[in-house]
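Asks: Pasting a structure here, questions to come.
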Amino acid sequence: MAVSVQTEDFDLGQAVRDLTGDRTDIGALVTFTGLVRDAADGSLEAMELEHYPAMTEKALREIEAQARERWDLSACLIIHRVGRLEPGDRIMMVATGSAHRRDAFEAAEFLMDFLKSRAPFWKKEHSAKGADWVDAKDSDEEALYRWQR
Amino acid sequence: MAVSVQTEDFDLGQAVRDLTGDRTDIGALVTFTGLVRDAADGSLEAMELEHYPAMTEKALREIEAQARERWDLSACLIIHRVGRLEPGDRIMMVATGSAHRRDAFEAAEFLMDFLKSRAPFWKKEHSAKGADWVDAKDSDEEALYRWQR
Amino acid sequence: MTLDILYFAWVRERVGTHKETVETSAATVADLLAELRNREERYALAFSDLSAVRVAVDQTLAELDASLENAREVAIFPPMTGG
Amino acid sequence: MTLDILYFAWVRERVGTHKETVETSAATVADLLAELRNREERYALAFSDLSAVRVAVDQTLAELDASLENAREVAIFPPMTGG
């Protein structure tokens, strides 16, 4: 049950250790890490992440609360970085812990689908050719449909 | 592209760092960690994992090869422990890296579904009441159906 | 009514400011956008395609026809690209 | 033909050994299991419910009607519980 918006990097192993501690009720733990992917021609110099500070944590908490309502989660974590990142850098992570693997997997996918297009972050890519805002993908919008009920 | 069967514990963060290194072509990285879950009444003392040494690595490599054939994976890792474990201990992990999150998620779920019932491991649970082999679940067998094509 | 308006990403770049305070009697988000579009060319440019614009009212995502009653802060931005 | 037979988990416990070498002319895995069942009570007990038994021939999962031609090693075990 933790949400963090930060400029600093994070350590996946440490984040999971902090989340699960000495607990013995978690049988399945899923993590997703998003990383800055270079362009195929290696031209990406940096990715800049802008966000809406007054809204970001609130939005992440709401998305997390929805996941906790739908699945049997014993642990849940969202970390999202903002600021300037370079190819290969970690952008964000989610972790979901549950007694059962299906809950952990589905909740992690749900968190990612909502983070992609319902949390106030915007990515700008910088290369030698200039800077461009990353377009939202139709496929990300469509990914939300499967969670409708 | 790595498979390990070992008695020693592993570190999730280190395993992922070893897997991805300085690569900049991985946008999405999913991990699953399986942990020894205590009984609801706290009675589990230990879990013993038996395997079929001559077959285990081969089976894991085949499952990994199937995942790499079906999804666009740029990195894939399976670590499975054997021997005696205690509640809260890590049992195994998989990691899948891809350009896109859907590939990474689906491949990780596929690996887990096949590891559950097609890799030669057997779990025995020890409590004050005695020792019992863990029964395979019908739901684990059914989980394989969705990957048929 | 006095409203703080925030702009993000390319909406911010086209409007040319991150934040401004406006006096308005707009009843809905759509009314507010129409008002701004009529005010200056840069707003007309930023909001020329309403399907490319998302809004939040008081830090909660809202539709264009959302009421501005009791609103304090409206944010206008492109579709989000988190994760 | 000479075959190594391995047993795992509760099959191993019921048969009472982890590994043995047998001389057999069984054509299929099912034939081999029938032969063992007829040999001693402990095998009959271990293989009483064939739906609860899985097999591998030369380290590859196989069906009960799989041929033993050229086989060197057969493993018999309960449904696997990895992950």
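Lettering and numbering for the structure tokens are positional, with chains as A, B, ... in the shown order, residues counted from 1 in each chain, and ligands counted from 1 in the shown order.
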Find the nearest atom pair between each residue of chain B and chain D for residues within 6 Å, count only C-alpha atoms, give distances in Å to one decimal, sort rows by chain and ascending number, and present the table as JSON lines.

Replies:
```
{"residue": "B:Met55", "atom": "CA", "partner": "D:Gln59", "partner_atom": "CA", "distance": 4.9}
{"residue": "B:Leu115", "atom": "CA", "partner": "D:Gly83", "partner_atom": "CA", "distance": 5.4}
{"residue": "B:Lys116", "atom": "CA", "partner": "D:Gly82", "partner_atom": "CA", "distance": 4.4}
{"residue": "B:Ser117", "atom": "CA", "partner": "D:Met80", "partner_atom": "CA", "distance": 4.9}
{"residue": "B:Pro120", "atom": "CA", "partner": "D:Met80", "partner_atom": "CA", "distance": 5.7}
{"residue": "B:Phe121", "atom": "CA", "partner": "D:Gly82", "partner_atom": "CA", "distance": 4.7}
{"residue": "B:Trp122", "atom": "CA", "partner": "D:Thr81", "partner_atom": "CA", "distance": 4.9}
{"residue": "B:Ala136", "atom": "CA", "partner": "D:Thr81", "partner_atom": "CA", "distance": 5.7}
```

Asks: Please identify all polymer residues within 8 Å of D:Ala30, counting only C-alpha atoms, omitting same-chain residues fewer than 4 positions from it, and present them as a VMD selection string.

Replies: chain D and resid 34 64 to 66

Asks: Find the spatial neighbours of B:Thr96, counting only C-alpha atoms, within a cut-off of 9 Å - ignore same-chain residues fewer than 4 positions away - and output them as a list of chain:residue names.

Replies: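 Using only C-alpha atoms, the neighbours found are B:Ala28, B:Leu29, B:Val30, B:Thr31, B:Leu73, B:Ser74, B:Ala75, B:Cys76, B:Leu77, B:Asp103, B:Ala104, B:Phe105, B:Ala107, B:Ala108.
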
Asks: For those residues, write N, CA and C atoms to a file as a JSON list (two decimals), in the first residue's frame.

Replies:
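Generated output (again_2.json):
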```
[["chain", "number", "residue", "atom", "x", "y", "z"],
["B", 28, "ALA", "N", 9.91, -3.06, -21.20],
["B", 28, "ALA", "CA", 9.00, -3.65, -20.22],
["B", 28, "ALA", "C", 9.63, -4.90, -19.63],
["B", 29, "LEU", "N", 9.68, -4.94, -18.31],
["B", 29, "LEU", "CA", 10.25, -6.10, -17.65],
["B", 29, "LEU", "C", 9.31, -6.59, -16.56],
["B", 30, "VAL", "N", 8.87, -7.84, -16.69],
["B", 30, "VAL", "CA", 7.95, -8.43, -15.71],
["B", 30, "VAL", "C", 8.69, -9.51, -14.93],
["B", 31, "THR", "N", 8.48, -9.54, -13.63],
["B", 31, "THR", "CA", 9.00, -10.65, -12.84],
["B", 31, "THR", "C", 7.86, -11.27, -12.05],
["B", 73, "LEU", "N", 10.46, -11.63, -27.04],
["B", 73, "LEU", "CA", 11.18, -11.45, -25.79],
["B", 73, "LEU", "C", 12.65, -11.11, -26.06],
["B", 74, "SER", "N", 13.12, -10.07, -25.37],
["B", 74, "SER", "CA", 14.54, -9.74, -25.51],
["B", 74, "SER", "C", 15.35, -10.27, -24.33],
["B", 75, "ALA", "N", 14.66, -10.75, -23.31],
["B", 75, "ALA", "CA", 15.36, -11.32, -22.15],
["B", 75, "ALA", "C", 14.41, -12.26, -21.42],
["B", 76, "CYS", "N", 14.96, -13.34, -20.88],
["B", 76, "CYS", "CA", 14.12, -14.33, -20.21],
["B", 76, "CYS", "C", 14.96, -15.09, -19.19],
["B", 77, "LEU", "N", 14.42, -15.27, -18.01],
["B", 77, "LEU", "CA", 15.17, -15.90, -16.92],
["B", 77, "LEU", "C", 14.24, -16.78, -16.10],
["B", 103, "ASP", "N", 3.63, -8.38, -24.24],
["B", 103, "ASP", "CA", 4.49, -9.55, -24.45],
["B", 103, "ASP", "C", 5.14, -10.01, -23.15],
["B", 104, "ALA", "N", 5.66, -9.05, -22.39],
["B", 104, "ALA", "CA", 6.35, -9.42, -21.15],
["B", 104, "ALA", "C", 5.37, -10.06, -20.16],
["B", 105, "PHE", "N", 4.17, -9.49, -20.03],
["B", 105, "PHE", "CA", 3.19, -10.04, -19.10],
["B", 105, "PHE", "C", 2.73, -11.43, -19.52],
["B", 107, "ALA", "N", 4.09, -13.62, -21.54],
["B", 107, "ALA", "CA", 5.15, -14.63, -21.49],
["B", 107, "ALA", "C", 5.41, -15.07, -20.05],
["B", 108, "ALA", "N", 5.38, -14.13, -19.12],
["B", 108, "ALA", "CA", 5.62, -14.50, -17.71],
["B", 108, "ALA", "C", 4.49, -15.41, -17.20]]
```

Asks: Residues of chain C in alpha helix (DSSP H) according to DSSP, as a list in words?

Replies: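 Assigned to alpha helix (DSSP H), within chain C: Ala9, Trp10, Val11, Arg12, Glu13, Arg14, Val15, Val29, Ala30, Asp31, Leu32, Leu33, Ala34, Glu35, Leu36, Arg37, Asn38, Arg39, Glu41, Arg42, Tyr43, Ala44, Leu45 and Ala46 of chain C.
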
Asks: Would you please extract all strand (DSSP E) residues from chain D, as assigned by DSSP on the backbone, and give them as a list of chain:residue names?

Replies: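 After running DSSP on the backbone, chain D has strand (DSSP E) at D:Thr2, D:Leu3, D:Asp4, D:Ile5, D:Leu6, D:Tyr7, D:Lys19, D:Glu20, D:Thr21, D:Val22, D:Glu23, D:Arg54, D:Val55, D:Ala56, D:Val57, D:Thr60, D:Leu61, D:Ala62, D:Glu73, D:Val74, D:Ala75, D:Ile76, D:Phe77.
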